[in-house]
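Undergrad: For reference, this is start-v8.cif, and it has mmCIF, N, CA and C atoms.
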```
data_structure
#
loop_
_atom_site.label_atom_id
_atom_site.label_comp_id
_atom_site.auth_asym_id
_atom_site.auth_seq_id
_atom_site.Cartn_x
_atom_site.Cartn_y
_atom_site.Cartn_z
N MET V 1 -21.77 -49.30 -74.66
CA MET V 1 -22.51 -49.13 -75.89
C MET V 1 -23.84 -48.43 -75.60
N GLN V 2 -24.47 -48.81 -74.53
CA GLN V 2 -25.76 -48.23 -74.17
C GLN V 2 -25.62 -46.73 -73.88
N ALA V 3 -24.53 -46.32 -73.25
CA ALA V 3 -24.33 -44.91 -72.91
C ALA V 3 -24.23 -44.05 -74.17
N LYS V 4 -23.58 -44.55 -75.20
CA LYS V 4 -23.47 -43.79 -76.44
C LYS V 4 -24.84 -43.56 -77.07
N ALA V 5 -25.70 -44.53 -77.03
CA ALA V 5 -27.04 -44.40 -77.59
C ALA V 5 -27.83 -43.35 -76.84
N THR V 6 -27.66 -43.26 -75.53
CA THR V 6 -28.37 -42.28 -74.72
C THR V 6 -27.93 -40.86 -75.09
N TYR V 7 -26.63 -40.67 -75.32
CA TYR V 7 -26.12 -39.34 -75.64
C TYR V 7 -26.60 -38.84 -77.00
N CYS V 8 -26.91 -39.73 -77.93
CA CYS V 8 -27.35 -39.25 -79.24
C CYS V 8 -28.75 -38.64 -79.17
N TYR V 9 -29.51 -38.94 -78.12
CA TYR V 9 -30.83 -38.35 -77.97
C TYR V 9 -30.77 -36.93 -77.41
N LEU V 10 -29.70 -36.61 -76.70
CA LEU V 10 -29.57 -35.30 -76.08
C LEU V 10 -29.60 -34.15 -77.09
N PRO V 11 -28.81 -34.18 -78.18
CA PRO V 11 -28.89 -33.08 -79.16
C PRO V 11 -30.29 -32.96 -79.78
N CYS V 12 -30.94 -34.08 -80.01
CA CYS V 12 -32.30 -34.04 -80.57
C CYS V 12 -33.25 -33.36 -79.61
N ALA V 13 -33.13 -33.67 -78.33
CA ALA V 13 -34.00 -33.07 -77.33
C ALA V 13 -33.78 -31.56 -77.24
N VAL V 14 -32.53 -31.13 -77.32
CA VAL V 14 -32.22 -29.70 -77.27
C VAL V 14 -32.85 -28.99 -78.46
N VAL V 15 -32.73 -29.55 -79.66
CA VAL V 15 -33.32 -28.95 -80.85
C VAL V 15 -34.83 -28.86 -80.71
N LEU V 16 -35.46 -29.90 -80.22
CA LEU V 16 -36.91 -29.88 -80.04
C LEU V 16 -37.34 -28.84 -79.02
N LEU V 17 -36.60 -28.71 -77.94
CA LEU V 17 -36.94 -27.69 -76.94
C LEU V 17 -36.79 -26.28 -77.50
N LEU V 18 -35.73 -26.04 -78.26
CA LEU V 18 -35.54 -24.72 -78.86
C LEU V 18 -36.65 -24.42 -79.87
N ALA V 19 -37.04 -25.40 -80.64
CA ALA V 19 -38.11 -25.20 -81.62
C ALA V 19 -39.43 -24.91 -80.94
N ALA V 20 -39.65 -25.52 -79.78
CA ALA V 20 -40.90 -25.32 -79.05
C ALA V 20 -40.99 -23.91 -78.47
N CYS V 21 -39.85 -23.25 -78.28
CA CYS V 21 -39.83 -21.91 -77.69
C CYS V 21 -40.28 -20.84 -78.68
N SER V 22 -40.17 -21.08 -79.96
CA SER V 22 -40.54 -20.06 -80.93
C SER V 22 -41.99 -20.25 -81.36
N SER V 23 -42.58 -19.19 -81.86
CA SER V 23 -43.97 -19.21 -82.30
C SER V 23 -44.04 -18.74 -83.74
N VAL V 24 -45.16 -19.08 -84.39
CA VAL V 24 -45.43 -18.59 -85.73
C VAL V 24 -46.58 -17.60 -85.63
N HIS V 25 -46.36 -16.39 -86.13
CA HIS V 25 -47.38 -15.34 -86.10
C HIS V 25 -47.86 -15.08 -87.51
N ASP V 26 -49.14 -15.35 -87.75
CA ASP V 26 -49.72 -15.11 -89.07
C ASP V 26 -50.26 -13.69 -89.09
N VAL V 27 -49.68 -12.84 -89.93
CA VAL V 27 -50.09 -11.44 -90.01
C VAL V 27 -50.89 -11.17 -91.28
N SER V 28 -51.41 -12.23 -91.91
CA SER V 28 -52.15 -12.08 -93.16
C SER V 28 -53.32 -11.12 -93.02
N ASP V 29 -54.07 -11.25 -91.95
CA ASP V 29 -55.27 -10.44 -91.74
C ASP V 29 -55.07 -9.32 -90.73
N ALA V 30 -53.82 -9.06 -90.36
CA ALA V 30 -53.54 -7.98 -89.40
C ALA V 30 -53.89 -6.64 -90.04
N PRO V 31 -54.20 -5.65 -89.20
CA PRO V 31 -54.45 -4.31 -89.76
C PRO V 31 -53.22 -3.83 -90.52
N ALA V 32 -53.42 -2.90 -91.41
CA ALA V 32 -52.29 -2.34 -92.18
C ALA V 32 -51.20 -1.90 -91.23
N ALA V 33 -50.18 -1.32 -91.73
CA ALA V 33 -48.97 -0.99 -90.97
C ALA V 33 -49.20 -0.06 -89.78
N THR V 34 -50.43 0.24 -89.43
CA THR V 34 -50.70 1.15 -88.32
C THR V 34 -50.62 0.46 -86.97
N THR V 35 -50.90 -0.83 -86.88
CA THR V 35 -50.86 -1.56 -85.62
C THR V 35 -49.80 -2.64 -85.72
N ALA V 36 -48.79 -2.57 -84.86
CA ALA V 36 -47.68 -3.52 -84.92
C ALA V 36 -48.05 -4.83 -84.24
N THR V 37 -47.62 -5.92 -84.85
CA THR V 37 -47.77 -7.25 -84.26
C THR V 37 -46.54 -7.52 -83.41
N PRO V 38 -46.72 -7.82 -82.11
CA PRO V 38 -45.55 -8.09 -81.26
C PRO V 38 -45.07 -9.53 -81.43
N VAL V 39 -43.77 -9.69 -81.62
CA VAL V 39 -43.14 -11.01 -81.70
C VAL V 39 -41.85 -10.98 -80.90
N LYS V 40 -41.26 -12.15 -80.71
CA LYS V 40 -39.98 -12.24 -80.00
C LYS V 40 -38.90 -12.73 -80.96
N VAL V 41 -37.66 -12.43 -80.63
CA VAL V 41 -36.54 -12.93 -81.42
C VAL V 41 -36.65 -14.45 -81.47
N GLY V 42 -36.52 -15.00 -82.67
CA GLY V 42 -36.64 -16.44 -82.87
C GLY V 42 -38.00 -16.85 -83.40
N ASP V 43 -39.01 -15.99 -83.24
CA ASP V 43 -40.35 -16.29 -83.74
C ASP V 43 -40.38 -16.15 -85.26
N GLU V 44 -41.35 -16.82 -85.86
CA GLU V 44 -41.58 -16.69 -87.29
C GLU V 44 -42.79 -15.80 -87.54
N VAL V 45 -42.75 -15.07 -88.63
CA VAL V 45 -43.85 -14.24 -89.08
C VAL V 45 -44.20 -14.74 -90.48
N GLN V 46 -45.49 -14.97 -90.71
CA GLN V 46 -45.88 -15.38 -92.06
C GLN V 46 -47.05 -14.53 -92.53
N ILE V 47 -47.08 -14.33 -93.84
CA ILE V 47 -48.16 -13.58 -94.46
C ILE V 47 -48.60 -14.36 -95.70
N THR V 48 -49.91 -14.61 -95.80
CA THR V 48 -50.48 -15.35 -96.92
C THR V 48 -51.37 -14.41 -97.72
N LEU V 49 -51.16 -14.38 -99.04
CA LEU V 49 -51.87 -13.45 -99.91
C LEU V 49 -52.41 -14.19 -101.13
N ASP V 50 -53.49 -13.65 -101.71
CA ASP V 50 -54.06 -14.21 -102.93
C ASP V 50 -53.20 -13.81 -104.12
N ALA V 51 -53.08 -14.72 -105.09
CA ALA V 51 -52.28 -14.43 -106.28
C ALA V 51 -52.78 -15.26 -107.45
N ASN V 52 -52.34 -14.86 -108.63
CA ASN V 52 -52.58 -15.65 -109.84
C ASN V 52 -51.33 -15.50 -110.71
N PRO V 53 -50.32 -16.34 -110.45
CA PRO V 53 -49.04 -16.17 -111.15
C PRO V 53 -49.12 -16.41 -112.65
N THR V 54 -50.18 -17.05 -113.14
CA THR V 54 -50.27 -17.27 -114.58
C THR V 54 -50.51 -15.97 -115.34
N THR V 55 -50.86 -14.90 -114.64
CA THR V 55 -51.04 -13.59 -115.27
C THR V 55 -49.72 -12.83 -115.38
N GLY V 56 -48.66 -13.39 -114.78
CA GLY V 56 -47.37 -12.72 -114.78
C GLY V 56 -47.12 -11.92 -113.51
N TYR V 57 -48.16 -11.73 -112.70
CA TYR V 57 -48.01 -10.99 -111.44
C TYR V 57 -47.51 -11.93 -110.35
N VAL V 58 -46.58 -11.43 -109.55
CA VAL V 58 -46.04 -12.19 -108.42
C VAL V 58 -45.89 -11.26 -107.22
N TRP V 59 -45.94 -11.85 -106.04
CA TRP V 59 -45.67 -11.11 -104.82
C TRP V 59 -44.17 -11.11 -104.56
N GLU V 60 -43.66 -9.97 -104.14
CA GLU V 60 -42.25 -9.84 -103.78
C GLU V 60 -42.15 -9.06 -102.48
N SER V 61 -41.19 -9.42 -101.64
CA SER V 61 -40.92 -8.58 -100.46
C SER V 61 -39.92 -7.52 -100.89
N VAL V 62 -40.17 -6.29 -100.48
CA VAL V 62 -39.28 -5.19 -100.84
C VAL V 62 -38.84 -4.44 -99.59
N ASN V 63 -37.65 -3.89 -99.65
CA ASN V 63 -37.11 -3.08 -98.56
C ASN V 63 -37.13 -3.82 -97.22
N LEU V 64 -36.87 -5.12 -97.24
CA LEU V 64 -36.87 -5.92 -96.01
C LEU V 64 -35.69 -5.51 -95.14
N ASP V 65 -35.97 -5.20 -93.88
CA ASP V 65 -34.93 -4.84 -92.91
C ASP V 65 -34.25 -6.13 -92.47
N THR V 66 -33.18 -6.50 -93.16
CA THR V 66 -32.51 -7.76 -92.89
C THR V 66 -31.71 -7.76 -91.58
N THR V 67 -31.66 -6.62 -90.90
CA THR V 67 -31.05 -6.61 -89.58
C THR V 67 -32.05 -7.07 -88.52
N ARG V 68 -33.33 -7.10 -88.88
CA ARG V 68 -34.39 -7.50 -87.94
C ARG V 68 -35.12 -8.78 -88.36
N LEU V 69 -35.31 -8.95 -89.66
CA LEU V 69 -36.04 -10.10 -90.19
C LEU V 69 -35.22 -10.81 -91.26
N GLU V 70 -35.32 -12.13 -91.27
CA GLU V 70 -34.65 -12.94 -92.28
C GLU V 70 -35.74 -13.69 -93.05
N GLN V 71 -35.73 -13.58 -94.37
CA GLN V 71 -36.70 -14.32 -95.18
C GLN V 71 -36.32 -15.79 -95.16
N LEU V 72 -37.30 -16.66 -94.92
CA LEU V 72 -37.06 -18.09 -94.84
C LEU V 72 -37.44 -18.76 -96.16
N GLY V 73 -36.48 -18.93 -97.01
CA GLY V 73 -36.69 -19.63 -98.27
C GLY V 73 -37.54 -18.86 -99.26
N MET V 74 -37.96 -19.59 -100.27
CA MET V 74 -38.81 -19.04 -101.32
C MET V 74 -40.26 -18.99 -100.83
N PHE V 75 -41.10 -18.28 -101.55
CA PHE V 75 -42.52 -18.23 -101.20
C PHE V 75 -43.16 -19.57 -101.50
N ASP V 76 -44.16 -19.93 -100.69
CA ASP V 76 -44.87 -21.19 -100.84
C ASP V 76 -46.18 -20.93 -101.58
N TYR V 77 -46.38 -21.59 -102.71
CA TYR V 77 -47.60 -21.45 -103.51
C TYR V 77 -48.49 -22.66 -103.28
N GLN V 78 -49.75 -22.42 -102.93
CA GLN V 78 -50.71 -23.50 -102.75
C GLN V 78 -51.97 -23.17 -103.51
N SER V 79 -52.51 -24.19 -104.18
CA SER V 79 -53.71 -24.01 -104.97
C SER V 79 -54.88 -23.58 -104.09
N ASP V 80 -55.68 -22.70 -104.62
CA ASP V 80 -56.85 -22.18 -103.92
C ASP V 80 -58.09 -23.01 -104.23
N THR V 81 -57.97 -23.98 -105.13
CA THR V 81 -59.12 -24.75 -105.57
C THR V 81 -58.84 -26.24 -105.43
N GLU V 82 -59.89 -27.04 -105.58
CA GLU V 82 -59.74 -28.49 -105.55
C GLU V 82 -59.08 -28.97 -106.83
N GLU V 83 -59.27 -28.25 -107.92
CA GLU V 83 -58.66 -28.60 -109.21
C GLU V 83 -57.27 -27.99 -109.29
N GLN V 84 -56.31 -28.62 -108.61
CA GLN V 84 -54.97 -28.05 -108.54
C GLN V 84 -54.29 -27.95 -109.89
N SER V 85 -54.69 -28.76 -110.84
CA SER V 85 -54.04 -28.71 -112.14
C SER V 85 -54.71 -27.72 -113.09
N LEU V 86 -55.72 -27.02 -112.63
CA LEU V 86 -56.46 -26.07 -113.45
C LEU V 86 -55.58 -24.86 -113.76
N TYR V 87 -55.22 -24.70 -115.02
CA TYR V 87 -54.35 -23.59 -115.44
C TYR V 87 -55.09 -22.27 -115.24
N GLY V 88 -54.44 -21.32 -114.62
CA GLY V 88 -55.03 -20.00 -114.41
C GLY V 88 -55.80 -19.88 -113.11
N ALA V 89 -55.87 -20.95 -112.34
CA ALA V 89 -56.60 -20.90 -111.07
C ALA V 89 -55.85 -20.04 -110.06
N PRO V 90 -56.58 -19.37 -109.18
CA PRO V 90 -55.91 -18.56 -108.15
C PRO V 90 -55.18 -19.45 -107.16
N VAL V 91 -54.17 -18.88 -106.52
CA VAL V 91 -53.39 -19.59 -105.51
C VAL V 91 -53.23 -18.71 -104.27
N LYS V 92 -52.75 -19.32 -103.21
CA LYS V 92 -52.35 -18.60 -102.01
C LYS V 92 -50.83 -18.63 -101.96
N VAL V 93 -50.23 -17.49 -101.71
CA VAL V 93 -48.78 -17.36 -101.61
C VAL V 93 -48.44 -17.03 -100.17
N THR V 94 -47.55 -17.82 -99.58
CA THR V 94 -47.15 -17.58 -98.20
C THR V 94 -45.67 -17.24 -98.15
N ALA V 95 -45.36 -16.12 -97.52
CA ALA V 95 -43.97 -15.70 -97.29
C ALA V 95 -43.70 -15.86 -95.80
N ARG V 96 -42.52 -16.37 -95.47
CA ARG V 96 -42.16 -16.60 -94.07
C ARG V 96 -40.87 -15.85 -93.75
N PHE V 97 -40.86 -15.30 -92.54
CA PHE V 97 -39.71 -14.53 -92.07
C PHE V 97 -39.41 -14.94 -90.63
N LYS V 98 -38.15 -14.81 -90.24
CA LYS V 98 -37.75 -15.11 -88.86
C LYS V 98 -37.24 -13.83 -88.22
N ALA V 99 -37.73 -13.54 -87.00
CA ALA V 99 -37.28 -12.38 -86.24
C ALA V 99 -35.89 -12.68 -85.69
N ILE V 100 -34.91 -11.84 -86.04
CA ILE V 100 -33.53 -12.12 -85.63
C ILE V 100 -32.93 -11.08 -84.70
N ALA V 101 -33.59 -9.92 -84.55
CA ALA V 101 -33.06 -8.88 -83.66
C ALA V 101 -34.19 -7.98 -83.19
N PRO V 102 -34.10 -7.47 -81.95
CA PRO V 102 -35.15 -6.61 -81.43
C PRO V 102 -35.26 -5.29 -82.20
N GLY V 103 -36.47 -4.74 -82.20
CA GLY V 103 -36.72 -3.45 -82.85
C GLY V 103 -38.02 -3.46 -83.62
N ALA V 104 -38.30 -2.36 -84.25
CA ALA V 104 -39.52 -2.22 -85.05
C ALA V 104 -39.18 -2.25 -86.52
N THR V 105 -40.02 -2.91 -87.31
CA THR V 105 -39.82 -2.99 -88.74
C THR V 105 -41.16 -3.18 -89.44
N THR V 106 -41.14 -3.11 -90.75
CA THR V 106 -42.36 -3.31 -91.54
C THR V 106 -42.07 -4.29 -92.66
N VAL V 107 -42.95 -5.27 -92.83
CA VAL V 107 -42.87 -6.18 -93.97
C VAL V 107 -43.69 -5.53 -95.08
N THR V 108 -43.07 -5.28 -96.21
CA THR V 108 -43.76 -4.70 -97.36
C THR V 108 -43.73 -5.70 -98.50
N MET V 109 -44.93 -6.04 -99.00
CA MET V 109 -45.08 -6.97 -100.11
C MET V 109 -45.74 -6.22 -101.26
N VAL V 110 -45.21 -6.39 -102.46
CA VAL V 110 -45.80 -5.75 -103.64
C VAL V 110 -46.19 -6.83 -104.65
N TYR V 111 -47.30 -6.59 -105.34
CA TYR V 111 -47.83 -7.49 -106.36
C TYR V 111 -47.63 -6.81 -107.70
N ARG V 112 -46.71 -7.36 -108.50
CA ARG V 112 -46.38 -6.72 -109.76
C ARG V 112 -45.81 -7.74 -110.74
N ARG V 113 -45.69 -7.28 -111.97
CA ARG V 113 -45.00 -8.08 -112.98
C ARG V 113 -43.54 -7.63 -112.95
N PRO V 114 -42.64 -8.52 -112.61
CA PRO V 114 -41.24 -8.11 -112.45
C PRO V 114 -40.60 -7.60 -113.73
N PHE V 115 -41.15 -7.94 -114.87
CA PHE V 115 -40.58 -7.51 -116.14
C PHE V 115 -41.12 -6.16 -116.60
N GLU V 116 -42.03 -5.55 -115.83
CA GLU V 116 -42.56 -4.22 -116.16
C GLU V 116 -42.04 -3.18 -115.18
N THR V 117 -42.04 -1.93 -115.60
CA THR V 117 -41.59 -0.85 -114.74
C THR V 117 -42.76 -0.09 -114.10
N ASN V 118 -43.99 -0.55 -114.36
CA ASN V 118 -45.18 0.09 -113.78
C ASN V 118 -45.17 -0.05 -112.26
N ALA V 119 -45.94 0.80 -111.61
CA ALA V 119 -46.11 0.70 -110.16
C ALA V 119 -46.84 -0.61 -109.84
N PRO V 120 -46.60 -1.18 -108.66
CA PRO V 120 -47.30 -2.40 -108.27
C PRO V 120 -48.82 -2.18 -108.29
N VAL V 121 -49.56 -3.25 -108.63
CA VAL V 121 -51.02 -3.14 -108.62
C VAL V 121 -51.57 -3.26 -107.21
N ARG V 122 -50.75 -3.80 -106.30
CA ARG V 122 -51.18 -3.92 -104.90
C ARG V 122 -49.95 -3.90 -104.01
N THR V 123 -50.07 -3.25 -102.87
CA THR V 123 -49.01 -3.22 -101.86
C THR V 123 -49.63 -3.54 -100.51
N VAL V 124 -48.98 -4.43 -99.77
CA VAL V 124 -49.45 -4.83 -98.43
C VAL V 124 -48.30 -4.59 -97.46
N GLN V 125 -48.61 -3.92 -96.34
CA GLN V 125 -47.60 -3.67 -95.32
C GLN V 125 -48.10 -4.16 -93.97
N ARG V 126 -47.19 -4.76 -93.21
CA ARG V 126 -47.50 -5.23 -91.85
C ARG V 126 -46.38 -4.79 -90.94
N ALA V 127 -46.74 -4.07 -89.88
CA ALA V 127 -45.76 -3.59 -88.90
C ALA V 127 -45.48 -4.71 -87.89
N ILE V 128 -44.21 -4.85 -87.53
CA ILE V 128 -43.77 -5.88 -86.59
C ILE V 128 -42.89 -5.22 -85.54
N THR V 129 -43.13 -5.54 -84.27
CA THR V 129 -42.27 -5.09 -83.18
C THR V 129 -41.66 -6.32 -82.55
N ILE V 130 -40.34 -6.38 -82.56
CA ILE V 130 -39.62 -7.57 -82.09
C ILE V 130 -39.00 -7.27 -80.73
N SER V 131 -39.29 -8.12 -79.76
CA SER V 131 -38.68 -7.98 -78.43
C SER V 131 -37.68 -9.11 -78.20
N PRO V 132 -36.74 -8.90 -77.28
CA PRO V 132 -35.72 -9.95 -77.02
C PRO V 132 -36.33 -11.24 -76.51
#
```
Just give me the structure of the file as structure tokens.
TA:
Amino acid sequence: MQAKATYCYLPCAVVLLLAACSSVHDVSDAPAATTATPVKVGDEVQITLDANPTTGYVWESVNLDTTRLEQLGMFDYQSDTEEQSLYGAPVKVTARFKAIAPGATTVTMVYRRPFETNAPVRTVQRAITISP
């Protein structure tokens, strides 16, 4: 009985070791797409941007190279103020991506109203170079 209990810890240890090998790279304040941020396969890349979704504007990732980066879930919205229930208050939006294959790519985020055909009011690009 004791041996079975010991074996159940082994998969948990492997998962923890694999998680410890990857890093999270915040490219929010990185220079525009002119200077690439180096990451490794398995690392996460995150970008946090200012937003005010009550105006109808939202951040979207566009033209994502899904052979190199995988978007991790939906964007995370966090209040920018202490009054989190304040309608119309600015927020921080965080997008997360996982590096899945070596190569160079660019994360492009646009700030627009999805129901309009106008050009985005803001575009942010971050260059990423992924190594094995």
Undergrad: Could you check how far atom N of V:Ala51 sits from atom C of V:Ile130, in Å to one decimal?
TA: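 One can read the atom N of V:Ala51 to atom C of V:Ile130 distance as 29.1 Å.
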Undergrad: I'd like the residues picked by the PyMOL selection byres ((chain V and resi 98) around 8) written out as a list in words, using the chain letters and numbers from the file.
TA: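 So the PyMOL selection byres ((chain V and resi 98) around 8), applied here, picks out Lys40, Val41, Gly42, Asp43, Glu44, Val45, Gln46, Arg68, Leu69, Glu70, Gln71, Leu72, Ala95, Arg96, Phe97, Ala99, Ile100 and Ala101 of chain V.
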Undergrad: Using Å and a single decimal, report how far atom CA of V:Pro90 sits from atom CA of V:Val124.
TA: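 About the pair atom CA of V:Val124 and atom CA of V:Pro90: they are 18.0 Å apart.
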Undergrad: Just the number, please: distance in Å from atom CA of V:Ser22 to atom CA of V:Val110, one decimal.
TA: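 Value for the atom CA of V:Ser22-atom CA of V:Val110 distance: 27.4 Å.
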Undergrad: Quick one: of V:Thr129, V:Thr55, V:Ser79, V:Thr94, who's nearest to V:Arg112, counting all atoms listed in the file?
TA: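 Residue with the minimum atom-to-atom distance to V:Arg112: V:Thr55.
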Undergrad: Please provide the set of residues having any atom within 7 Å of V:Ser61, restricted to only N, CA and C atoms, with same-chain residues fewer than 3 positions apart removed, written as a VMD selection string.
TA: chain V and resid 64 107 to 110
Undergrad: Given the file shown, determine the residues that the PyMOL selection byres ((chain V and resi 54) around 8) selects; report them as a ChimeraX atom specification.
TA: /V:51-53,55-58,87-91
Undergrad: Restricting the calculation to only C-alpha atoms, which member of V:Ser23, V:Pro102, V:Asp50, V:Thr66 is positioned closest to V:Gln78?
TA: V:Asp50
